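**Student:** The structure's right below; bear with me while I get my questions together.
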Amino acid sequence: MKLHEYQSKLIFSRYGIPIPKGRVASTAGEARQIAEELGGRVVIKSQVLVGGRGKAGGIKVASDPAEAELLATQILSMEIKGLPVRKVLVDEAAAIDQEIYLGITNDRAAKKPVIMCSAAGGVEIEEVARTNPEKIIKVHVNPLLGIKDYQTRDIAAGIDLPREYWKSFGDILRGLWQAYMDNDATLAEINPLIISKDKRLVALDGKMLIDDNALFRRPELSELRDTDEDAPSEVEARKYGLTFIKLDGNIGCMVNGAGLAMASMDILKFFGGDPANFLDIGGGAGADKVAAAMRIILADPNVKAILFNIFGGITRCDEVARGILTAMAEVKPKVPMVVRLVGTNAEEGRAMLANANMITAETLADAAQKAVAAAKGA
Amino acid sequence: MKLHEYQSKLIFSRYGIPIPKGRVASTAGEARQIAEELGGRVVIKSQVLVGGRGKAGGIKVASDPAEAELLATQILSMEIKGLPVRKVLVDEAAAIDQEIYLGITNDRAAKKPVIMCSAAGGVEIEEVARTNPEKIIKVHVNPLLGIKDYQTRDIAAGIDLPREYWKSFGDILRGLWQAYMDNDATLAEINPLIISKDKRLVALDGKMLIDDNALFRRPELSELRDTDEDAPSEVEARKYGLTFIKLDGNIGCMVNGAGLAMASMDILKFFGGDPANFLDIGGGAGADKVAAAMRIILADPNVKAILFNIFGGITRCDEVARGILTAMAEVKPKVPMVVRLVGTNAEEGRAMLANANMITAETLADAAQKAVAAAKGA
Amino acid sequence: MSILVNKETRLLVQGITGSEGLFHTRQMVAYGTNVVAGVTPGKGGQWVDEKIPVFDSVKIAKEATGANTSIIFVPARFAADSIFEAADAGIPFIVCITEGIPVSDMMRVRNYIDQKNVRLLGPNCPGLLTPGEAKVGIIPGNIAIPGNVGIVSRSGTLTYEVLYALKQVGMGSSTTVGIGGDPVNGTNHIDVLRMFEDDPHTDKIVMIGEIGGSDEEKAAEFIATRMTKPVVGFIAGQTAPAGKRMGHAGAIVEGGEGTADAKIRALEAAGVKVARHPEEIPQLLK
Amino acid sequence: MSILVNKETRLLVQGITGSEGLFHTRQMVAYGTNVVAGVTPGKGGQWVDEKIPVFDSVKIAKEATGANTSIIFVPARFAADSIFEAADAGIPFIVCITEGIPVSDMMRVRNYIDQKNVRLLGPNCPGLLTPGEAKVGIIPGNIAIPGNVGIVSRSGTLTYEVLYALKQVGMGSSTTVGIGGDPVNGTNHIDVLRMFEDDPHTDKIVMIGEIGGSDEEKAAEFIATRMTKPVVGFIAGQTAPAGKRMGHAGAIVEGGEGTADAKIRALEAAGVKVARHPEEIPQLLK
């Protein structure tokens with residue numbers, strides 16, 4: 001789960017990390033009022049869950065409240081990478097001496113969180129990672145020990161941070177670590193962490209990703225989820241515990257298991273087709289879940305055919321067939337459907353679908369080829 | 001540092017451990033008032049930092065407020081093992097079905113905290129430890145991991161706790177663990193943890209010891225220290241960073257280093273003497289500290305002679321000599337003093353004391369024998 | 001004939017009285033797996049199907065039954081505790097089926113058990129199957145026959161697909177191992193490849209990977225430098241969208257690794273024949 | 001000629017610019033110890049006495065100077081961090097002089113470094129001395145001469161007393177090791193006894209213990225079963241008051257162990273000659 005910049009920075013500030021004065025606004029009027037309260041120059045920052053806001057014109061500096069209102073009006077009417085801007089953060093503008101990158105994420109190979117830091121922060125950090133990886137310090141933290149003070153010093157020394165900032169940098173890094181651990185984050189990032197002209201370290205931007213699997217023990221974080229920015233079909237899918245990702249093709253896919261779902265999409269492509277979605281109904285899905293999945297697929301007007309590939313294990317093919325029949329009765333789909341059932345209770349499932357006017361297949365290659373043909377013929 | 005029962009239980013309750021309703025009182029009137037508020041039968045418990053309060057008559061049950069006042073009057077006028085009772089805890093009386101022992105301490109051999117638990121709790125637990133140690137479950141906790149839920153269940157199963165209490169027991173044990181860790185305790189103990197007649201687990205008594213070395217990061221705990229109950233000389237010694245324990249003999253000892261201090265006491269005994277105290281001035285003690293140590297020794301009227309045994313290392317013998325001279329000028333001691341200085345700047349120290357009318361010695365055995373003779377001669 | 005599990009396996013089921021645990025215990029018993037004990041805290045003393053004793057803790061169960069392998073079916077929020085319990089009780093091989101365990105839990109688990117002589121398979125995996133000997137997990141037993149092909153896979157149902165395709169042409173498996181798709185898990189491709197290389201009853205190997213991480217790239221290097229047996233590979237996710245990268249940090253940590261193309265290139269460079277779809281695998285094994 | 005430290009020791013001093021660190025660094029240098037580096041965070045680039053470079057971190061210091069031993073003089077609240085730093089930087093032998101470290105810090109330290117190939121001596125110890133070769137710690141150099149007696153002790157100044165008594169009769173020490181008196185420390189009696197047993201230049205051993213814990217009892221068992229060289233013992237604290245027991249729990253954990261009498265009995269049963277006071281030790285060694 002992604003958090004907005006303003007949400008991330010609010011969490012950071014609770015861990016003692018200095019952030020600019022500012023607040024979030026939903027209207028240009030609010031933005032003006034916040035600018036008045038702050039006085040002086042402010043930055044108006046679109047709050048959308050994608051990168052590249054600056055380049056897209058979603059971050060602007062205003063010199064007075066009137067300009068703040070004007071810019072907020074503009075930004076609140078933008079779409080960035082397809083996402084409408086519904087909120088802006090109005091922060092006091094900072095005078096920047098240096099931009100540092102500071103982030104924590106999980107290194108799956110090392111099985112440990114890793115702290116990354118570079119004196120060359122700001123928007124160019126990905127370029128630095130590509131071209132000058134040695135300019136990025138990486139320090140792993142043993143999750144059983146937590147961060148050690150000496151590690152904060154090693155990092156400060158590693159980026160040649162002037163010594164007057166070491167203490168403050170250590171406090172910020174310890175705070176970021178604690179925010180990362182306490183919130184089951186998979187990413188906690190400050191970019192840039194600035195040295196201001198008045199000699200302070202300030203987190204100018206913030207980003208957090210939260211482990212969805214840990215939300216059961218972080219109910220206060222679940223409430224921060226911004227569903228506005230997900231496709232409605234993905235929100236609907238999540239409600240039923242389905243993993244659904246919308247794509248641009250025209251063959252809807254319903255598969256059990258993420259690996260098999262990807263392999264099914266791959267084979268469609270291999271035979272010249274184009275998948276309309278990734279959809280994993282998971283293990284042991286019942287008829288309800290299957291029906292919901294089918295409704296979600298059919299809600300996409302691009303879909304010209306559907307491929308069902310179910311390899312019964314925990315999942316029972318007869319349950320899947322029951323779900324398909326339920327959904328068909330309700331939605332009355334007009335697109336051709338190719339179904340392949342193998343494994344647990346496949347016979348029963350096939351028998352149930354015998355009269356449903358579906359195209360059946362024995363092998364995955366056969367099913368894929370039939371689905372591609374059906375989509376083209378339709 | 002020892003905490004009182006009422007202080008320990010207050011900490012426990014902050015970690016979700018159920019304790020009886022009740023409050024601490026300094027006067028019999030307050031005790032009566034608390035009894036009135038609680039209604040019903042109450043227990044009046046003397047708050048002194050020694051064991052065996054019950055056997056000494058320091059714990060009594062009152063059936064009404066009037067009796068509570070009477071008993072509080074009695075208990076507040078008691079001395080238990082030499083310690084005056086200055087406070088009583090007035091708790092609602094519990095109806096007890098079973099008494100369980102539950103404690104956490106450090107196992108120095110295992111280098112880990114150890115949880116101990118027995119179905120045979122209450123005052124007899126030490127007897128159980130001696131005679132039926134197998135009735136006490138011991139489970140070590142890895143300090144890098146913390147307590148695991150399965151360990152709480154293993155312990156509950158190990159003492160044959162009825163299953164209806166497992167969840168509540170797990171919560172209590174996790175709370176006790178957290179209280180232990182968060183407060184740098186070296187002991188956190190509930191004895192008894194009762195199963196009440198109305199089927200609840202309640203911590204009827206509580207005890208905590210705090211690691212003195214960790215008080216720098218637990219300032220709120222330092223404030224709980226009850227100096228009323230230490231010998232005034234020990235309080236005075238702590239102020240100067242000296243380790244002092246009063247004993248019953250008549251030869252005062254001032255030594256640098258705990259091991260050497262004990263060895264010096266041992267050798268006095270070996271030659272027929274009797275040490276009046278243990279006193280370690282530590283490493284690198286300056287003249288001030290030495291002077292304070294000497295005043296503390298001389299404040300004991302039993303002292304008939306003093307043995308100074310200083311092996312200079314970090315400690316400089318000339319600094320010690322300066323401290324002795326300062327204190328002598330001030331206190332004008334009338335008892336004979338035997339001094340042995342060896343190691344760093346011993347020559348300078350001896351020269352400074354040459355005119356101080358002290359008995360000097362070369363070896364430890366010589367010094368001890370002279371001190372014993374001096375104490376007997378006096 | 002196999003790696004990790006066989007006729008000598010004495011299996012303990014953690015979470016045996018839950019609905020998933022019970023269902024799959026029965027499947028495993030029906031397959032012939034020697035399930036010696038179950039654990040459900042608070043239900044010690046009960047019996048499953050009048051055959052399998054249930055205990056309150058792994059420690060007691062192990063002492064009573066000599067279990068040497070454990071399989072975990074408990075819900076995600078309790079799963080890490082169950083792994084710790086099995087590891088601390090001295091179970092040398094632990095299979096965790098549970099999916100949805102927080103990654104921070106798994107990092108603590110890995111950093112702890114790496115100090116011990118314990119192998120963990122999973123979590124979020126289908127377990128493993130030595131056809132004709134033991135089924136420890138949820139791989140349907142009837143889709144596989146004994147044979148000389150070792151299979152290691154990050155995926156569940158995709159693995160079934162491969163087993164099924166092999167069976168159609170009469171090919172069987174020595175052992176099939178599902179390592180699971182979680183970012184932090186107990187056993188990776190290389191661990192299993194090494195065991196297959198050393199197993200006299202495995203002659204050929206199928207390795208099934210997915211996009212994400214760098215496990216397959218490392219496996220490719222291992223195959224190139226250490227393995228003598230032929231390996232056929234398949235990577236799922238060629239058409240998957242680039243996905244939600246973990247901010248700048250993800251890009252920095254994972255670098256260019258993790259795409260299907262990169263994995264396929266690495267495997268092919270290591271001499272692995274890479275199938276274009278799962279049903280091509282049997283002919284590549286010939 | 002010695003154990004643990006000798007002419008090959010390349011010593012790094014953590015906390016070199018503090019008053020204690022600086023004082024003892026000079027003493028060690030004066031004795032002839034090869035002090036190659038110091039560490040004080042934030043003071044990297046400075047020099048001590050124009051001879052010893054100061055670095056910001058142990059890692060950098062080790063890379064720059066090849067230090068193979070570290071000694072820690074930092075204040076108690078920072079000491080655990082310094083031990084972690086040295087261990088993580090790969091220093092194989094760490095001596096911690098600092099006293100007053102919270103026991104919970106030391107438990108974390110021990111449970112961590114036990115997984116690594118690191119030996120810790122101390123904390124709250126005087127360090128060690130190989131007369132004529134290296135002084136790593138605060139034992140006064142002038143009270144000891146080279147010889148064939150290995151000394152291991154939980155005490156500081158009491159050890160000096162013994163060294164001094166030996167010197168009076170012309171006896172010298174191969175190495176003298178102060179293990180420190182804290183309840184949780186890095187190296188115990190047995191560890192050092194084993195090294196002396198294996199050291200060709202140590203012929204006799206003096207072991208100095210104290211009341212508390214069960215280290216000496218375990219050492220007695222080790223001496224009885226594994227050692228061929230003669231051991232003379234001394235236990236301080238025969239007249240110490242029973243002391244403030246740690247509630248019921250302390251009694252349960254430590255049982256009957258820990259008294260001076262119990263330790264002396266155990267040692268005598270193991271064939272150790274136990275001195276009645278420190279100055280008896282030289283004649284028992286003859």
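A note on labels: chains of the structure tokens are A, B, ... as shown, every chain counts residues from 1, and ligands are counted from 1 in their shown order.
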Please identify every residue of chain A that has at least one atom no more than 7 Å from any atom of chain C, counting only C-alpha atoms, and report them as a tab-separated table (two decimals) with N, CA and C atoms, in the first residue's frame.
**Tutor:**
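The result, stored in iface_24.tsv:
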chain	number	residue	atom	x	y	z
A	103	GLY	N	17.06	6.42	2.15
A	103	GLY	CA	15.94	5.49	2.05
A	103	GLY	C	16.24	4.16	2.72
A	105	THR	N	14.80	0.09	2.52
A	105	THR	CA	13.90	-0.88	1.92
A	105	THR	C	14.40	-2.27	2.28
A	107	ASP	N	16.13	-5.75	1.30
A	107	ASP	CA	16.96	-6.40	0.30
A	107	ASP	C	16.64	-7.89	0.36
A	108	ARG	N	15.86	-8.36	-0.61
A	108	ARG	CA	15.40	-9.74	-0.51
A	108	ARG	C	16.55	-10.73	-0.60
A	111	LYS	N	18.13	-10.72	2.78
A	111	LYS	CA	17.16	-11.03	3.83
A	111	LYS	C	17.21	-10.01	4.97
A	112	LYS	N	17.57	-8.79	4.63
A	112	LYS	CA	17.70	-7.76	5.65
A	112	LYS	C	17.24	-6.43	5.08
A	126	GLU	N	17.95	8.19	-9.46
A	126	GLU	CA	17.90	6.95	-10.25
A	126	GLU	C	19.00	6.95	-11.31
A	129	ALA	N	22.07	5.99	-9.51
A	129	ALA	CA	22.09	4.54	-9.26
A	129	ALA	C	22.58	3.80	-10.50
A	143	PRO	N	17.77	-7.31	11.32
A	143	PRO	CA	16.46	-6.99	11.89
A	143	PRO	C	16.31	-7.45	13.33
A	144	LEU	N	17.17	-8.34	13.80
A	144	LEU	CA	17.10	-8.76	15.20
A	144	LEU	C	17.82	-7.78	16.11
A	184	ASP	N	5.64	-1.54	9.63
A	184	ASP	CA	5.78	-2.63	8.65
A	184	ASP	C	5.91	-2.09	7.24
A	187	LEU	N	9.18	0.29	2.28
A	187	LEU	CA	10.00	1.40	1.83
A	187	LEU	C	9.71	2.61	2.72
A	211	ASP	N	3.59	-2.87	3.87
A	211	ASP	CA	3.38	-4.27	3.52
A	211	ASP	C	1.90	-4.63	3.70
A	213	ASN	N	0.49	-7.36	3.67
A	213	ASN	CA	0.31	-8.53	4.53
A	213	ASN	C	0.33	-8.20	6.01
A	214	ALA	N	0.82	-7.01	6.35
A	214	ALA	CA	0.93	-6.65	7.76
A	214	ALA	C	-0.18	-5.71	8.21
A	257	GLY	N	-3.72	-19.13	-9.12
A	257	GLY	CA	-2.27	-19.12	-8.89
A	257	GLY	C	-1.61	-18.04	-9.72
A	259	GLY	N	1.63	-17.65	-10.62
A	259	GLY	CA	2.58	-18.14	-11.61
A	259	GLY	C	1.85	-18.68	-12.83
A	260	LEU	N	0.80	-19.46	-12.58
A	260	LEU	CA	0.05	-20.03	-13.70
A	260	LEU	C	-0.69	-18.92	-14.46
A	262	MET	N	0.36	-15.85	-14.83
A	262	MET	CA	1.35	-15.19	-15.70
A	262	MET	C	1.68	-16.08	-16.89
A	263	ALA	N	1.85	-17.38	-16.64
A	263	ALA	CA	2.18	-18.30	-17.73
A	263	ALA	C	1.04	-18.33	-18.75
A	265	MET	N	-1.05	-15.83	-19.46
A	265	MET	CA	-0.94	-14.60	-20.23
A	265	MET	C	0.18	-14.71	-21.26
A	266	ASP	N	1.31	-15.26	-20.79
A	266	ASP	CA	2.46	-15.39	-21.69
A	266	ASP	C	2.11	-16.25	-22.91
A	267	ILE	N	1.38	-17.33	-22.68
A	267	ILE	CA	1.10	-18.24	-23.79
A	267	ILE	C	0.09	-17.62	-24.76
A	311	PHE	N	-6.33	-25.10	-12.66
A	311	PHE	CA	-5.70	-26.38	-12.32
A	311	PHE	C	-6.05	-26.69	-10.88
A	313	GLY	N	-6.36	-27.92	-7.30
A	313	GLY	CA	-5.51	-28.50	-6.27
A	313	GLY	C	-6.30	-28.30	-4.98
**Student:** Name all residues at most 8 Å from Met28 of chain D (count only C-alpha atoms; drop same-chain ones fewer than 3 positions away) and give them as a list in words.
**Tutor:**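 Counting only C-alpha atoms, the residues come to His24, Thr25, Tyr31, Gly32, Thr33, Val35, Ala134, Lys135, Val136 and Gly137 of chain D.
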**Student:** Compile the residues of chain D that lie within 10 Å of chain C, evaluated using only C-alpha atoms, and express the compilation as a list of chain:residue names.
**Tutor:**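 Close enough to count are D:Asp114, D:Gln115, D:Lys116.
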**Student:** Limited to C-alpha atoms, could you put the picked residues into a file as a PDB file, in the first residue's frame?
**Tutor:**
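Resulting contents of again-v5.pdb:
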ATOM      1  CA  ASP D 114      28.328 -15.715  19.626  1.00  0.00           C
ATOM      2  CA  GLN D 115      27.214 -16.132  16.009  1.00  0.00           C
ATOM      3  CA  LYS D 116      30.409 -14.541  14.779  1.00  0.00           C
TER       4      LYS D 116
END
**Student:** Mind listing the helix (DSSP H, G or I) residues of segment 7-75 of chain B, per DSSP on the backbone, as a ChimeraX atom specification?
**Tutor:** /B:7-14,28-38,65-75
**Student:** Generate a file of the selected residues that holds N, CA, C and O atoms, formatted as a compact mmCIF listing (two decimals), in the first residue's frame.
**Tutor:**
# COMPACT_ATOMS: atom_id res chain seq x y z
N GLN B 7 4.95 -0.06 43.82
CA GLN B 7 5.56 0.51 42.61
C GLN B 7 5.62 -0.54 41.49
O GLN B 7 5.29 -0.26 40.34
N SER B 8 6.03 -1.73 41.85
CA SER B 8 6.14 -2.79 40.85
C SER B 8 4.78 -3.10 40.24
O SER B 8 4.64 -3.24 39.02
N LYS B 9 3.76 -3.20 41.09
CA LYS B 9 2.43 -3.55 40.59
C LYS B 9 1.86 -2.44 39.71
O LYS B 9 1.16 -2.70 38.72
N LEU B 10 2.17 -1.20 40.06
CA LEU B 10 1.72 -0.08 39.22
C LEU B 10 2.36 -0.19 37.82
O LEU B 10 1.69 0.02 36.80
N ILE B 11 3.64 -0.52 37.79
CA ILE B 11 4.29 -0.73 36.49
C ILE B 11 3.64 -1.89 35.76
O ILE B 11 3.30 -1.81 34.59
N PHE B 12 3.44 -3.00 36.46
CA PHE B 12 2.82 -4.17 35.82
C PHE B 12 1.47 -3.80 35.21
O PHE B 12 1.15 -4.19 34.09
N SER B 13 0.68 -3.04 35.95
CA SER B 13 -0.67 -2.74 35.46
C SER B 13 -0.60 -1.91 34.18
O SER B 13 -1.47 -2.02 33.32
N ARG B 14 0.47 -1.11 34.04
CA ARG B 14 0.62 -0.35 32.80
C ARG B 14 0.88 -1.26 31.61
O ARG B 14 0.71 -0.87 30.46
N ALA B 28 -2.71 5.84 58.99
CA ALA B 28 -3.83 4.94 59.23
C ALA B 28 -5.14 5.57 58.74
O ALA B 28 -6.02 4.86 58.25
N GLY B 29 -5.24 6.90 58.82
CA GLY B 29 -6.43 7.57 58.31
C GLY B 29 -6.62 7.37 56.82
O GLY B 29 -7.72 7.03 56.36
N GLU B 30 -5.54 7.55 56.10
CA GLU B 30 -5.61 7.29 54.65
C GLU B 30 -6.02 5.85 54.39
O GLU B 30 -6.79 5.57 53.48
N ALA B 31 -5.45 4.94 55.16
CA ALA B 31 -5.75 3.52 54.97
C ALA B 31 -7.25 3.29 55.15
O ALA B 31 -7.89 2.57 54.39
N ARG B 32 -7.81 3.92 56.18
CA ARG B 32 -9.25 3.78 56.43
C ARG B 32 -10.05 4.29 55.23
O ARG B 32 -10.99 3.64 54.76
N GLN B 33 -9.63 5.45 54.74
CA GLN B 33 -10.35 6.05 53.61
C GLN B 33 -10.31 5.14 52.38
O GLN B 33 -11.32 4.95 51.70
N ILE B 34 -9.15 4.58 52.11
CA ILE B 34 -9.03 3.67 50.96
C ILE B 34 -9.93 2.46 51.17
O ILE B 34 -10.63 2.02 50.25
N ALA B 35 -9.96 1.94 52.40
CA ALA B 35 -10.80 0.79 52.70
C ALA B 35 -12.27 1.14 52.47
O ALA B 35 -13.05 0.32 51.97
N GLU B 36 -12.65 2.35 52.84
CA GLU B 36 -14.04 2.78 52.60
C GLU B 36 -14.35 2.82 51.12
O GLU B 36 -15.40 2.37 50.68
N GLU B 37 -13.41 3.38 50.35
CA GLU B 37 -13.63 3.45 48.91
C GLU B 37 -13.75 2.07 48.29
O GLU B 37 -14.59 1.83 47.41
N LEU B 38 -12.90 1.16 48.75
CA LEU B 38 -12.90 -0.18 48.14
C LEU B 38 -14.12 -0.97 48.57
O LEU B 38 -14.65 -1.78 47.81
N PRO B 65 -13.58 -0.82 57.39
CA PRO B 65 -12.68 0.34 57.45
C PRO B 65 -12.11 0.59 58.84
O PRO B 65 -10.95 0.97 58.98
N ALA B 66 -12.91 0.36 59.87
CA ALA B 66 -12.42 0.61 61.23
C ALA B 66 -11.27 -0.33 61.55
O ALA B 66 -10.23 0.08 62.07
N GLU B 67 -11.45 -1.60 61.20
CA GLU B 67 -10.37 -2.56 61.45
C GLU B 67 -9.15 -2.22 60.58
O GLU B 67 -8.00 -2.39 61.00
N ALA B 68 -9.41 -1.74 59.36
CA ALA B 68 -8.31 -1.36 58.47
C ALA B 68 -7.47 -0.27 59.14
O ALA B 68 -6.24 -0.31 59.13
N GLU B 69 -8.13 0.70 59.74
CA GLU B 69 -7.42 1.80 60.40
C GLU B 69 -6.59 1.27 61.57
O GLU B 69 -5.42 1.62 61.73
N LEU B 70 -7.21 0.39 62.33
CA LEU B 70 -6.53 -0.20 63.50
C LEU B 70 -5.28 -0.97 63.06
O LEU B 70 -4.18 -0.77 63.60
N LEU B 71 -5.46 -1.84 62.09
CA LEU B 71 -4.33 -2.66 61.64
C LEU B 71 -3.25 -1.81 60.98
O LEU B 71 -2.05 -2.06 61.15
N ALA B 72 -3.66 -0.79 60.22
CA ALA B 72 -2.69 0.10 59.59
C ALA B 72 -1.87 0.80 60.66
O ALA B 72 -0.65 0.98 60.54
N THR B 73 -2.53 1.22 61.74
CA THR B 73 -1.82 1.85 62.86
C THR B 73 -0.74 0.93 63.41
O THR B 73 0.41 1.32 63.60
N GLN B 74 -1.15 -0.33 63.62
CA GLN B 74 -0.18 -1.31 64.14
C GLN B 74 0.99 -1.48 63.18
O GLN B 74 2.15 -1.42 63.57
N ILE B 75 0.65 -1.72 61.92
CA ILE B 75 1.70 -2.05 60.95
C ILE B 75 2.63 -0.86 60.72
O ILE B 75 3.85 -1.01 60.61
**Student:** Check the smallest atom-to-atom distance from each of A:Leu145, A:Ala109, A:Ile19, A:Leu49 to chain B using only C-alpha atoms, then report the winner.
**Tutor:**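 Between A:Leu145, A:Ala109, A:Ile19, A:Leu49, the residue approaching chain B most closely is A:Leu145.
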**Student:** So that I can check the surroundings of Pro232 of chain A, please list as a PyMOL selection string every protein, DNA and RNA residue that reaches within 12 Å of it, counting only C-alpha atoms and ignoring chain neighbours fewer than 6 positions away.
**Tutor:** chain A and resi 226+238-239+244-246+296-297+299-300
**Student:** Grab the atom CA of Gly146 of chain B to atom CA of Asn188 of chain C distance for me, in Å with one decimal place.
**Tutor:** 27.5 Å
**Student:** What does the distance between atom CA of Gly252 of chain B and atom CA of Met1 of chain B come to in Å, to one decimal place?
**Tutor:**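 Distance reported for this atom pair: 25.3 Å.
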